[in-house]
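*Asks:* Structure file entry.txt (compact mmCIF, C-alpha atoms and all ligand atoms) right here:
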# COMPACT_ATOMS: atom_id res chain seq x y z
CA MET A 1 -43.11 -66.47 -11.46
CA ARG A 2 -45.09 -67.25 -8.34
CA THR A 3 -48.43 -68.88 -7.52
CA GLN A 4 -49.96 -70.46 -4.45
CA VAL A 5 -50.47 -73.99 -5.81
CA GLY A 6 -48.42 -75.35 -8.71
CA ILE A 7 -50.39 -78.12 -10.43
CA ILE A 8 -48.77 -80.63 -12.75
CA GLY A 9 -51.16 -82.28 -15.23
CA ALA A 10 -54.37 -81.10 -16.92
CA GLY A 11 -56.33 -84.31 -16.53
CA PRO A 12 -59.53 -84.37 -14.50
CA ALA A 13 -57.60 -84.17 -11.19
CA GLY A 14 -55.43 -81.15 -12.03
CA LEU A 15 -58.16 -79.19 -13.79
CA LEU A 16 -60.80 -79.77 -11.13
CA LEU A 17 -58.33 -78.86 -8.37
CA SER A 18 -57.47 -75.62 -10.14
CA HIS A 19 -61.16 -74.79 -10.54
CA LEU A 20 -62.15 -75.63 -6.93
CA LEU A 21 -59.21 -73.60 -5.60
CA HIS A 22 -60.25 -70.66 -7.75
CA LEU A 23 -63.72 -70.83 -6.16
CA ARG A 24 -62.00 -70.47 -2.75
CA GLY A 25 -59.86 -67.59 -3.94
CA ILE A 26 -56.64 -69.63 -4.10
CA SER A 27 -54.39 -69.13 -7.13
CA SER A 28 -52.82 -71.92 -9.17
CA VAL A 29 -50.97 -72.57 -12.41
CA VAL A 30 -51.58 -75.82 -14.33
CA LEU A 31 -48.70 -77.23 -16.37
CA GLU A 32 -49.58 -79.87 -18.99
CA ARG A 33 -47.17 -81.69 -21.26
CA ARG A 34 -49.68 -82.42 -24.04
CA SER A 35 -51.64 -80.06 -26.28
CA ARG A 36 -55.14 -78.86 -25.42
CA GLU A 37 -56.49 -80.76 -28.45
CA TYR A 38 -54.83 -83.95 -27.24
CA VAL A 39 -56.23 -83.88 -23.71
CA GLU A 40 -59.68 -82.89 -25.00
CA GLN A 41 -59.77 -85.82 -27.42
CA ARG A 42 -58.20 -88.52 -25.21
CA VAL A 43 -60.91 -91.18 -24.85
CA ARG A 44 -61.09 -92.83 -21.45
CA ALA A 45 -63.64 -93.21 -18.70
CA GLY A 46 -67.36 -92.79 -19.01
CA VAL A 47 -69.02 -93.56 -15.69
CA LEU A 48 -69.47 -90.76 -13.16
CA GLU A 49 -70.56 -91.60 -9.63
CA GLN A 50 -73.36 -89.65 -8.00
CA GLY A 51 -70.85 -87.79 -5.84
CA THR A 52 -68.74 -86.84 -8.87
CA VAL A 53 -71.79 -85.43 -10.65
CA ASP A 54 -72.81 -83.54 -7.51
CA THR A 55 -69.28 -82.13 -7.14
CA LEU A 56 -69.18 -80.88 -10.73
CA VAL A 57 -72.68 -79.43 -10.57
CA GLU A 58 -72.05 -77.66 -7.25
CA ALA A 59 -68.82 -76.25 -8.67
CA GLY A 60 -70.75 -74.71 -11.57
CA VAL A 61 -69.26 -76.93 -14.28
CA GLY A 62 -72.16 -79.37 -14.66
CA ARG A 63 -74.50 -77.62 -17.08
CA ARG A 64 -73.61 -79.64 -20.15
CA LEU A 65 -73.22 -82.78 -18.03
CA LEU A 66 -76.80 -82.42 -16.78
CA ARG A 67 -78.02 -81.77 -20.33
CA GLU A 68 -76.07 -84.43 -22.25
CA GLY A 69 -75.09 -87.00 -19.62
CA LEU A 70 -77.04 -90.26 -19.56
CA PRO A 71 -78.30 -91.15 -16.05
CA HIS A 72 -78.46 -94.89 -15.34
CA SER A 73 -80.20 -96.54 -12.43
CA GLY A 74 -78.97 -100.07 -13.03
CA ILE A 75 -76.50 -102.31 -14.83
CA GLU A 76 -76.77 -105.82 -16.22
CA LEU A 77 -74.51 -108.73 -15.37
CA ARG A 78 -74.74 -111.26 -18.23
CA TYR A 79 -73.39 -114.80 -17.91
CA GLY A 80 -74.44 -118.40 -18.40
CA GLY A 81 -76.99 -117.49 -21.06
CA ALA A 82 -78.98 -115.00 -18.96
CA GLY A 83 -78.95 -111.34 -17.99
CA HIS A 84 -79.38 -110.17 -14.39
CA ARG A 85 -80.17 -106.57 -13.60
CA ILE A 86 -78.70 -104.86 -10.53
CA PRO A 87 -81.40 -102.26 -9.75
CA PHE A 88 -79.79 -99.23 -8.11
CA GLU A 89 -83.14 -97.49 -7.59
CA LYS A 90 -84.22 -100.36 -5.35
CA LEU A 91 -80.91 -101.24 -3.66
CA VAL A 92 -79.44 -97.74 -3.17
CA PRO A 93 -82.40 -95.35 -3.55
CA GLY A 94 -81.55 -91.87 -4.68
CA ARG A 95 -78.12 -92.79 -5.99
CA ALA A 96 -77.27 -93.48 -9.62
CA ILE A 97 -74.45 -93.07 -12.13
CA THR A 98 -74.20 -90.84 -15.17
CA VAL A 99 -72.51 -91.86 -18.40
CA TYR A 100 -70.57 -88.84 -19.72
CA GLY A 101 -67.20 -89.10 -21.44
CA GLN A 102 -64.14 -88.10 -19.42
CA GLN A 103 -62.96 -85.90 -22.27
CA GLU A 104 -66.22 -83.97 -22.03
CA VAL A 105 -65.51 -83.34 -18.32
CA VAL A 106 -62.02 -82.19 -19.32
CA LYS A 107 -63.44 -79.86 -22.03
CA ASP A 108 -65.92 -78.35 -19.56
CA LEU A 109 -63.20 -77.77 -16.96
CA ILE A 110 -60.75 -76.22 -19.42
CA ALA A 111 -63.48 -73.91 -20.72
CA ALA A 112 -64.34 -72.87 -17.15
CA ARG A 113 -60.70 -72.25 -16.21
CA LEU A 114 -60.06 -70.15 -19.29
CA ALA A 115 -63.34 -68.20 -18.88
CA ASP A 116 -62.27 -67.35 -15.32
CA GLY A 117 -58.85 -66.17 -16.50
CA GLY A 118 -57.13 -69.30 -15.16
CA ASP A 119 -53.51 -70.02 -16.04
CA VAL A 120 -53.43 -73.40 -17.81
CA ARG A 121 -50.35 -74.00 -19.93
CA PHE A 122 -50.25 -76.76 -22.51
CA GLU A 123 -47.27 -78.32 -24.29
CA VAL A 124 -44.81 -77.43 -21.54
CA ASP A 125 -41.53 -79.35 -21.70
CA ASP A 126 -39.24 -80.79 -19.07
CA VAL A 127 -41.38 -80.29 -15.99
CA ALA A 128 -39.39 -81.01 -12.81
CA VAL A 129 -40.12 -80.42 -9.13
CA HIS A 130 -37.58 -79.14 -6.61
CA SER A 131 -37.09 -78.42 -2.92
CA LEU A 132 -40.08 -80.48 -1.84
CA GLU A 133 -39.40 -80.14 1.90
CA GLU A 134 -39.85 -76.36 1.91
CA ALA A 135 -40.10 -73.45 -0.52
CA PRO A 136 -40.90 -75.81 -3.40
CA TYR A 137 -40.65 -74.78 -7.03
CA ILE A 138 -41.28 -76.24 -10.46
CA THR A 139 -39.07 -75.75 -13.50
CA PHE A 140 -40.33 -76.17 -17.05
CA GLY A 141 -39.19 -75.05 -20.50
CA GLY A 142 -36.54 -72.74 -19.05
CA GLU A 143 -38.95 -71.09 -16.59
CA ARG A 144 -39.35 -71.32 -12.82
CA LEU A 145 -42.61 -71.37 -10.87
CA ASP A 146 -42.35 -70.81 -7.11
CA CYS A 147 -45.28 -72.01 -5.01
CA ASP A 148 -46.37 -72.91 -1.49
CA VAL A 149 -47.51 -76.38 -2.46
CA ILE A 150 -47.17 -78.65 -5.50
CA ALA A 151 -50.06 -80.89 -6.58
CA GLY A 152 -48.84 -83.88 -8.57
CA CYS A 153 -51.85 -84.61 -10.80
CA ASP A 154 -49.74 -86.00 -13.63
CA GLY A 155 -51.12 -89.53 -13.88
CA PHE A 156 -49.40 -92.87 -13.45
CA HIS A 157 -46.45 -92.04 -15.75
CA GLY A 158 -45.85 -88.50 -14.48
CA VAL A 159 -42.77 -86.89 -12.92
CA SER A 160 -44.14 -86.11 -9.45
CA ARG A 161 -44.15 -89.52 -7.80
CA PRO A 162 -40.64 -90.51 -9.02
CA SER A 163 -39.29 -87.20 -7.60
CA VAL A 164 -39.92 -88.29 -4.02
CA PRO A 165 -36.66 -89.50 -2.42
CA GLU A 166 -36.16 -93.23 -2.45
CA GLY A 167 -37.46 -95.13 0.56
CA VAL A 168 -40.22 -92.65 1.45
CA LEU A 169 -43.10 -94.17 -0.52
CA THR A 170 -44.28 -97.75 -0.47
CA ALA A 171 -45.91 -99.13 -3.61
CA TYR A 172 -48.54 -101.84 -3.53
CA GLU A 173 -49.38 -103.30 -6.90
CA ARG A 174 -50.83 -106.09 -8.96
CA GLU A 175 -50.74 -106.67 -12.70
CA TYR A 176 -53.33 -108.70 -14.55
CA PRO A 177 -52.61 -111.10 -17.41
CA PHE A 178 -55.02 -109.25 -19.71
CA ALA A 179 -55.83 -105.82 -21.14
CA TRP A 180 -58.95 -104.04 -22.42
CA LEU A 181 -59.45 -103.27 -26.07
CA GLY A 182 -61.80 -100.26 -26.11
CA VAL A 183 -63.69 -98.97 -29.15
CA LEU A 184 -66.13 -96.21 -29.99
CA ALA A 185 -68.63 -96.94 -32.76
CA ARG A 186 -71.15 -94.80 -34.59
CA VAL A 187 -74.18 -96.91 -33.77
CA ALA A 188 -77.08 -96.57 -31.36
CA PRO A 189 -76.58 -98.57 -28.15
CA SER A 190 -78.14 -102.04 -28.37
CA ALA A 191 -79.37 -101.86 -24.78
CA GLU A 192 -80.51 -99.08 -22.49
CA GLU A 193 -78.10 -99.98 -19.68
CA LEU A 194 -74.49 -101.09 -19.43
CA ILE A 195 -73.90 -104.82 -19.87
CA TYR A 196 -70.98 -106.48 -18.07
CA ALA A 197 -70.64 -109.90 -19.73
CA GLN A 198 -68.66 -112.83 -18.39
CA THR A 199 -67.96 -115.61 -20.90
CA GLU A 200 -65.51 -118.46 -21.33
CA ARG A 201 -63.83 -116.44 -24.11
CA GLY A 202 -63.37 -113.49 -21.76
CA PHE A 203 -65.11 -110.36 -20.53
CA ALA A 204 -67.01 -107.88 -22.69
CA LEU A 205 -68.64 -104.57 -21.78
CA HIS A 206 -71.37 -102.76 -23.65
CA SER A 207 -71.45 -99.05 -22.79
CA MET A 208 -72.39 -95.87 -24.62
CA ARG A 209 -71.69 -92.19 -25.03
CA SER A 210 -74.87 -90.84 -26.63
CA PRO A 211 -77.97 -92.07 -28.45
CA GLU A 212 -75.77 -92.31 -31.58
CA VAL A 213 -72.46 -93.59 -30.17
CA SER A 214 -71.72 -96.91 -28.43
CA ARG A 215 -68.65 -97.76 -26.36
CA PHE A 216 -67.37 -101.34 -26.08
CA TYR A 217 -64.56 -103.11 -24.29
CA LEU A 218 -63.14 -106.60 -24.82
CA GLN A 219 -60.78 -108.51 -22.58
CA VAL A 220 -57.69 -109.34 -24.66
CA PRO A 221 -54.36 -110.90 -23.63
CA ALA A 222 -51.81 -108.56 -22.02
CA GLY A 223 -49.40 -107.14 -24.59
CA GLU A 224 -51.89 -107.55 -27.45
CA GLU A 225 -51.29 -105.28 -30.50
CA LEU A 226 -54.10 -103.25 -32.07
CA GLU A 227 -53.10 -104.63 -35.49
CA ALA A 228 -54.38 -108.02 -34.35
CA TRP A 229 -57.87 -106.54 -34.10
CA PRO A 230 -59.33 -105.43 -37.43
CA ASP A 231 -62.92 -104.15 -37.14
CA GLU A 232 -64.49 -107.39 -38.38
CA ARG A 233 -62.73 -109.36 -35.67
CA ILE A 234 -63.86 -106.89 -32.99
CA TRP A 235 -67.51 -107.14 -34.06
CA ALA A 236 -67.36 -110.93 -34.31
CA GLU A 237 -65.89 -111.21 -30.82
CA LEU A 238 -68.34 -108.68 -29.32
CA LYS A 239 -71.22 -110.63 -30.85
CA THR A 240 -69.90 -113.93 -29.52
CA ARG A 241 -69.54 -112.56 -26.00
CA LEU A 242 -72.68 -110.39 -25.86
CA GLU A 243 -75.29 -112.21 -27.99
CA THR A 244 -75.69 -114.89 -25.35
CA VAL A 245 -79.26 -114.24 -24.24
CA PRO A 246 -82.41 -114.91 -26.27
CA GLY A 247 -83.55 -111.98 -28.39
CA PHE A 248 -80.43 -109.81 -28.01
CA THR A 249 -78.78 -108.66 -31.23
CA LEU A 250 -75.78 -106.35 -31.23
CA ALA A 251 -76.12 -103.53 -33.74
CA THR A 252 -72.85 -102.72 -35.56
CA GLY A 253 -71.53 -99.54 -37.14
CA GLU A 254 -68.39 -97.63 -38.04
CA ILE A 255 -65.61 -97.96 -35.47
CA PHE A 256 -63.89 -94.56 -35.21
CA GLU A 257 -61.66 -95.01 -32.17
CA LYS A 258 -59.65 -97.97 -30.83
CA GLY A 259 -57.17 -98.36 -28.01
CA ILE A 260 -55.68 -100.98 -25.70
CA THR A 261 -55.27 -100.37 -21.96
CA PRO A 262 -53.31 -102.67 -19.66
CA LEU A 263 -55.03 -103.53 -16.37
CA ARG A 264 -53.22 -102.69 -13.17
CA SER A 265 -53.86 -102.14 -9.46
CA PHE A 266 -51.48 -99.72 -7.75
CA VAL A 267 -51.36 -97.62 -4.58
CA THR A 268 -48.55 -95.49 -3.22
CA GLU A 269 -48.43 -94.77 0.50
CA PRO A 270 -48.36 -92.10 1.67
CA MET A 271 -49.73 -89.89 -1.09
CA GLN A 272 -47.60 -86.93 -0.01
CA TYR A 273 -44.08 -85.87 0.78
CA GLY A 274 -43.14 -82.48 2.23
CA ARG A 275 -44.98 -79.87 0.14
CA LEU A 276 -45.87 -82.33 -2.66
CA PHE A 277 -49.34 -83.88 -2.72
CA LEU A 278 -50.24 -86.61 -5.21
CA ALA A 279 -53.81 -86.88 -6.48
CA GLY A 280 -55.61 -89.21 -8.89
CA ASP A 281 -53.74 -91.70 -11.07
CA ALA A 282 -50.40 -90.25 -9.89
CA ALA A 283 -51.11 -91.92 -6.54
CA HIS A 284 -53.26 -94.93 -7.45
CA ILE A 285 -54.55 -97.00 -10.35
CA VAL A 286 -57.48 -99.39 -10.46
CA PRO A 287 -58.47 -101.81 -13.22
CA PRO A 288 -61.40 -100.15 -15.04
CA THR A 289 -63.99 -102.87 -14.32
CA GLY A 290 -65.46 -100.96 -11.37
CA ALA A 291 -65.29 -97.59 -13.21
CA LYS A 292 -63.61 -95.98 -10.22
CA GLY A 293 -60.42 -94.24 -11.47
CA LEU A 294 -61.82 -90.85 -12.45
CA ASN A 295 -64.14 -90.83 -9.47
CA LEU A 296 -61.27 -91.46 -7.06
CA ALA A 297 -59.36 -88.57 -8.64
CA VAL A 298 -62.34 -86.31 -7.88
CA ALA A 299 -62.51 -87.58 -4.28
CA ASP A 300 -58.78 -86.84 -3.72
CA VAL A 301 -59.15 -83.36 -5.11
CA ARG A 302 -62.06 -82.60 -2.80
CA VAL A 303 -59.94 -83.57 0.22
CA LEU A 304 -56.95 -81.57 -1.02
CA THR A 305 -59.11 -78.50 -1.66
CA GLU A 306 -60.44 -78.55 1.92
CA ALA A 307 -56.93 -78.97 3.31
CA LEU A 308 -55.55 -76.09 1.25
CA ASP A 309 -58.51 -73.90 2.12
CA ARG A 310 -57.80 -74.43 5.80
CA PHE A 311 -54.07 -73.80 5.28
CA TYR A 312 -54.72 -70.46 3.61
CA ALA A 313 -57.46 -69.53 6.08
CA ASP A 314 -55.43 -69.85 9.29
CA GLY A 315 -52.02 -71.29 8.44
CA SER A 316 -52.89 -74.67 9.93
CA THR A 317 -51.27 -77.66 8.23
CA ALA A 318 -53.45 -80.14 10.19
CA LEU A 319 -55.59 -81.13 7.21
CA LEU A 320 -52.65 -81.11 4.80
CA ASP A 321 -50.73 -83.39 7.16
CA GLY A 322 -53.69 -85.76 7.22
CA TYR A 323 -54.35 -85.60 3.45
CA SER A 324 -53.02 -89.03 2.60
CA ALA A 325 -54.72 -90.80 5.49
CA ALA A 326 -58.00 -89.08 4.65
CA CYS A 327 -57.83 -90.28 1.02
CA LEU A 328 -56.51 -93.79 1.50
CA LYS A 329 -59.61 -95.22 3.16
CA ARG A 330 -61.70 -94.60 0.03
CA VAL A 331 -58.75 -95.54 -2.19
CA TRP A 332 -58.42 -98.98 -0.64
CA ARG A 333 -62.18 -99.58 -0.69
CA ALA A 334 -62.12 -98.82 -4.42
CA GLN A 335 -59.06 -101.03 -4.84
CA HIS A 336 -60.89 -103.95 -3.35
CA PHE A 337 -64.07 -103.33 -5.32
CA SER A 338 -62.20 -102.97 -8.62
CA TRP A 339 -60.10 -106.08 -8.00
CA TRP A 340 -63.26 -107.98 -7.00
CA MET A 341 -65.28 -106.90 -10.06
CA THR A 342 -62.31 -107.79 -12.26
CA THR A 343 -61.98 -111.25 -10.72
CA LEU A 344 -65.71 -111.84 -10.88
CA LEU A 345 -66.02 -111.07 -14.58
CA HIS A 346 -62.75 -111.89 -16.38
CA THR A 347 -61.34 -115.18 -17.59
CA PHE A 348 -57.95 -116.05 -16.13
CA ASP A 349 -56.03 -118.56 -18.25
CA SER A 350 -54.52 -119.90 -15.05
CA ASP A 351 -57.97 -120.78 -13.66
CA ASP A 352 -58.62 -124.46 -13.16
CA ALA A 353 -62.08 -126.06 -13.12
CA TYR A 354 -62.38 -125.37 -9.39
CA ALA A 355 -61.70 -121.65 -9.82
CA ARG A 356 -64.25 -121.44 -12.63
CA ARG A 357 -66.89 -123.08 -10.42
CA LEU A 358 -66.13 -120.57 -7.66
CA GLN A 359 -66.57 -117.70 -10.10
CA ALA A 360 -69.91 -119.07 -11.35
CA SER A 361 -71.10 -119.59 -7.80
CA HIS A 362 -70.15 -116.05 -6.85
CA LEU A 363 -71.96 -114.61 -9.88
CA ASP A 364 -75.07 -116.56 -8.85
CA TYR A 365 -74.77 -115.19 -5.33
CA VAL A 366 -74.39 -111.56 -6.41
CA THR A 367 -77.39 -111.82 -8.72
CA SER A 368 -79.69 -113.70 -6.34
CA SER A 369 -78.93 -112.29 -2.88
CA GLU A 370 -80.19 -108.79 -2.21
CA ALA A 371 -77.44 -108.24 0.35
CA ALA A 372 -74.71 -109.19 -2.13
CA ALA A 373 -76.27 -107.12 -4.93
CA THR A 374 -76.50 -104.15 -2.56
CA THR A 375 -72.78 -104.42 -1.86
CA LEU A 376 -72.10 -104.21 -5.57
CA ALA A 377 -74.59 -101.38 -6.09
CA GLU A 378 -73.41 -99.13 -3.25
CA ASN A 379 -69.79 -99.44 -4.33
CA TYR A 380 -70.62 -98.94 -8.01
CA VAL A 381 -72.62 -95.74 -7.48
CA GLY A 382 -69.94 -94.63 -5.00
CA LEU A 383 -69.94 -94.47 -1.23
CA PRO A 384 -71.02 -91.10 0.15
CA TYR A 385 -68.25 -88.65 1.04
CA GLU A 386 -67.38 -88.51 4.71
P1 LIG B 1 -54.77 -88.34 -16.07
O1 LIG B 1 -56.10 -88.26 -16.71
O2 LIG B 1 -53.82 -89.39 -16.53
O3 LIG B 1 -54.09 -86.90 -16.26
C1 LIG B 1 -52.73 -86.68 -16.02
C2 LIG B 1 -52.24 -85.54 -16.90
O4 LIG B 1 -50.89 -85.25 -16.59
C3 LIG B 1 -52.29 -85.92 -18.38
O5 LIG B 1 -52.97 -84.92 -19.10
C4 LIG B 1 -50.83 -86.01 -18.76
O6 LIG B 1 -50.59 -85.66 -20.12
C5 LIG B 1 -50.19 -85.04 -17.79
N1 LIG B 1 -48.76 -85.31 -17.54
C6 LIG B 1 -48.17 -86.51 -17.38
N2 LIG B 1 -46.84 -86.34 -17.20
C7 LIG B 1 -46.61 -85.02 -17.23
C8 LIG B 1 -45.44 -84.23 -17.12
N3 LIG B 1 -44.24 -84.81 -16.94
N4 LIG B 1 -45.54 -82.89 -17.20
C9 LIG B 1 -46.76 -82.30 -17.40
N5 LIG B 1 -47.90 -83.00 -17.53
C10 LIG B 1 -47.82 -84.34 -17.44
N6 LIG B 1 -62.37 -94.18 -14.42
C11 LIG B 1 -63.65 -94.04 -13.98
O7 LIG B 1 -63.85 -93.43 -12.93
N7 LIG B 1 -64.72 -94.54 -14.66
C12 LIG B 1 -64.55 -95.24 -15.83
O8 LIG B 1 -65.54 -95.61 -16.45
C13 LIG B 1 -63.21 -95.44 -16.29
N8 LIG B 1 -62.97 -96.11 -17.45
C14 LIG B 1 -61.70 -96.10 -17.97
C15 LIG B 1 -61.51 -96.69 -19.21
C16 LIG B 1 -60.25 -96.67 -19.78
C17 LIG B 1 -60.07 -97.33 -21.13
C18 LIG B 1 -59.16 -96.04 -19.11
C19 LIG B 1 -57.78 -95.98 -19.75
C20 LIG B 1 -59.33 -95.46 -17.88
C21 LIG B 1 -60.60 -95.49 -17.29
N9 LIG B 1 -60.82 -94.89 -16.06
C22 LIG B 1 -62.12 -94.85 -15.57
C23 LIG B 1 -59.74 -94.27 -15.32
C24 LIG B 1 -59.64 -92.76 -15.53
O9 LIG B 1 -59.56 -92.47 -16.91
C25 LIG B 1 -58.41 -92.21 -14.79
O10 LIG B 1 -58.44 -92.66 -13.47
C26 LIG B 1 -58.36 -90.66 -14.82
O11 LIG B 1 -57.94 -90.22 -16.08
C27 LIG B 1 -57.43 -90.10 -13.75
O12 LIG B 1 -57.32 -88.71 -13.88
P2 LIG B 1 -55.98 -87.95 -13.50
O13 LIG B 1 -56.26 -86.51 -13.74
O14 LIG B 1 -55.51 -88.40 -12.18
O15 LIG B 1 -54.88 -88.49 -14.51
C1 LIG B 2 -66.99 -97.40 -19.18
C2 LIG B 2 -65.75 -97.64 -18.67
C3 LIG B 2 -65.60 -98.51 -17.62
O1 LIG B 2 -64.38 -98.74 -17.10
C4 LIG B 2 -66.71 -99.12 -17.05
O2 LIG B 2 -66.54 -99.98 -16.01
C5 LIG B 2 -67.96 -98.87 -17.55
C6 LIG B 2 -68.11 -98.00 -18.63
C7 LIG B 2 -67.13 -96.47 -20.33
O3 LIG B 2 -66.10 -95.99 -20.81
O4 LIG B 2 -68.25 -96.22 -20.78
Let me see the file written as structure tokens.
Ligand code: FAD
Ligand code: DHB
*Replies:*
Amino acid sequence: MRTQVGIIGAGPAGLLLSHLLHLRGISSVVLERRSREYVEQRVRAGVLEQGTVDTLVEAGVGRRLLREGLPHSGIELRYGGAGHRIPFEKLVPGRAITVYGQQEVVKDLIAARLADGGDVRFEVDDVAVHSLEEAPYITFGGERLDCDVIAGCDGFHGVSRPSVPEGVLTAYEREYPFAWLGVLARVAPSAEELIYAQTERGFALHSMRSPEVSRFYLQVPAGEELEAWPDERIWAELKTRLETVPGFTLATGEIFEKGITPLRSFVTEPMQYGRLFLAGDAAHIVPPTGAKGLNLAVADVRVLTEALDRFYADGSTALLDGYSAACLKRVWRAQHFSWWMTTLLHTFDSDDAYARRLQASHLDYVTSSEAAATTLAENYVGLPYE
């Protein structure tokens, strides 16, 4: 079997790449280890940058997003008994974020690929990549897929990155001594905008998915088990961390989804080797505090699409050769922002009284200086594409 671009992974990166290539007349096959049901139900991100929304809409896969997504023009930072709004409409006019579940993006992309006759294969076993320097091919479940280029869109735990010969890639990483417990609850959001709360007991985030469904996250120790968090404990802890300003009451409801995610920062350099190009979480991870992971995956895929378009138009590998360098500038900006937001808002057990004072002082600065708040806002809504 032969295609132009062999894509491993049907997450947002792999699916969007396949769709954008199709729009340019470039063929691809997507190979996904999990079932369609699994990837469509996997609950993850919720915040789409302006540029991500624009990309999806321009690519013709934004109809439901525009109808059901929840546009937000600000967020609240809550600490020390008060809430402070970061007003995007004032600080970064014309740019906002949209809250729309990642699995809804995935559903929309799968539907579009299948409607266009795209080749997306689920539940494929034993995916492996070969001959990465030239004439690459992918083997899976006893079959062989020859291609010009392989796109490794298989997330942090995929097979693509580990297939690059030793010594070629350099990894930069940081682990954090805490994780996020995330829940979905059948209850109307208790606030109109997202609330990022810093407390002595740890960070909490109030988000949402629809007028009927709320999304919450709690900082918990690294390695924490879900069994330690029965629903009553989750609600009690959310109330303790969020009901810290006068007049705010957290509405509770049925929790129907729970999961724990470790927090990690990771970048591999370069993001390519021979005919293999890594995109999204396969190449980099950010802690979720800045809501950047999915958005970075979209940015990578845009760059890769342009490079492949050029390659097929006139045979030039100039843009493909520069793929990694073109992506890494945004990647490192998002790394810094995500690390910074994480440090600003979480409680580190190792912090002494001095470190806690620094954190409080920085929170005061971000919420009182327009310049500092603008830095937060322009990174949060996403820097424009170059
Ligand atoms: P993935 O979504 O991980 O997709 C990779 C795919 O490859 C998967 O479907 C996987 O099954 C498949 N795969 C893996 N190995 C193989 C194999 N060997 N063979 C075949 N297929 C394989 N980001 C944001 O931008 N905003 C947010 O608000 C946000 N919040 C988050 C909250 C949580 C709790 C979590 C966990 C993440 C959050 N993120 C957020 C990050 C975001 O979810 C990821 O960055 C995003 O999923 C990356 O997409 P991807 O396509 O690169 O990788
Ligand atoms: C959500 C996730 C995030 O990582 C974040 O920073 C804000 C919101 C969410 O899932 O709604």
*Asks:* Give me the residues within 10 Å of Gly94 (chain A) as a list in words, counting all atoms listed in the file and dropping any in the same chain fewer than 4 places off.
*Replies:*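 In the requested form, the answer reads Gln50, Ser73, Phe88, Glu89 and Lys90 of chain A.
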*Asks:* Can you pull out every residue with an atom within 8 Å of ligand LIG 2 (chain B)? Use all atoms listed in the file and format it as a list in words.
*Replies:* Arg44, Ala45, Gly46, Val47, Val99, Tyr100, Gly101, Leu194, Leu205, His206, Ser207, Met208, Arg209, Arg215, Phe216, Tyr217, Pro287, Pro288, Thr289, Gly290, Ala291 and Lys292 of chain A
*Asks:* Which chains and residue numbers are within 8 Å of ligand LIG 1 (chain B), counting only C-alpha atoms and all ligand atoms, if I want them as a PyMOL selection string?
*Replies:* chain A and resi 8-15+31-34+39+43-49+102+123-128+153-160+180-182+217+259-261+279-283+285-297
*Asks:* Residues as selected, C-alpha atoms, written as a compact mmCIF listing (two decimals), keeping the file's coordinate frame, can you do that?
*Replies:*
# COMPACT_ATOMS: atom_id res chain seq x y z
CA ILE A 8 -48.77 -80.63 -12.75
CA GLY A 9 -51.16 -82.28 -15.23
CA ALA A 10 -54.37 -81.10 -16.92
CA GLY A 11 -56.33 -84.31 -16.53
CA PRO A 12 -59.53 -84.37 -14.50
CA ALA A 13 -57.60 -84.17 -11.19
CA GLY A 14 -55.43 -81.15 -12.03
CA LEU A 15 -58.16 -79.19 -13.79
CA LEU A 31 -48.70 -77.23 -16.37
CA GLU A 32 -49.58 -79.87 -18.99
CA ARG A 33 -47.17 -81.69 -21.26
CA ARG A 34 -49.68 -82.42 -24.04
CA VAL A 39 -56.23 -83.88 -23.71
CA VAL A 43 -60.91 -91.18 -24.85
CA ARG A 44 -61.09 -92.83 -21.45
CA ALA A 45 -63.64 -93.21 -18.70
CA GLY A 46 -67.36 -92.79 -19.01
CA VAL A 47 -69.02 -93.56 -15.69
CA LEU A 48 -69.47 -90.76 -13.16
CA GLU A 49 -70.56 -91.60 -9.63
CA GLN A 102 -64.14 -88.10 -19.42
CA GLU A 123 -47.27 -78.32 -24.29
CA VAL A 124 -44.81 -77.43 -21.54
CA ASP A 125 -41.53 -79.35 -21.70
CA ASP A 126 -39.24 -80.79 -19.07
CA VAL A 127 -41.38 -80.29 -15.99
CA ALA A 128 -39.39 -81.01 -12.81
CA CYS A 153 -51.85 -84.61 -10.80
CA ASP A 154 -49.74 -86.00 -13.63
CA GLY A 155 -51.12 -89.53 -13.88
CA PHE A 156 -49.40 -92.87 -13.45
CA HIS A 157 -46.45 -92.04 -15.75
CA GLY A 158 -45.85 -88.50 -14.48
CA VAL A 159 -42.77 -86.89 -12.92
CA SER A 160 -44.14 -86.11 -9.45
CA TRP A 180 -58.95 -104.04 -22.42
CA LEU A 181 -59.45 -103.27 -26.07
CA GLY A 182 -61.80 -100.26 -26.11
CA TYR A 217 -64.56 -103.11 -24.29
CA GLY A 259 -57.17 -98.36 -28.01
CA ILE A 260 -55.68 -100.98 -25.70
CA THR A 261 -55.27 -100.37 -21.96
CA ALA A 279 -53.81 -86.88 -6.48
CA GLY A 280 -55.61 -89.21 -8.89
CA ASP A 281 -53.74 -91.70 -11.07
CA ALA A 282 -50.40 -90.25 -9.89
CA ALA A 283 -51.11 -91.92 -6.54
CA ILE A 285 -54.55 -97.00 -10.35
CA VAL A 286 -57.48 -99.39 -10.46
CA PRO A 287 -58.47 -101.81 -13.22
CA PRO A 288 -61.40 -100.15 -15.04
CA THR A 289 -63.99 -102.87 -14.32
CA GLY A 290 -65.46 -100.96 -11.37
CA ALA A 291 -65.29 -97.59 -13.21
CA LYS A 292 -63.61 -95.98 -10.22
CA GLY A 293 -60.42 -94.24 -11.47
CA LEU A 294 -61.82 -90.85 -12.45
CA ASN A 295 -64.14 -90.83 -9.47
CA LEU A 296 -61.27 -91.46 -7.06
CA ALA A 297 -59.36 -88.57 -8.64
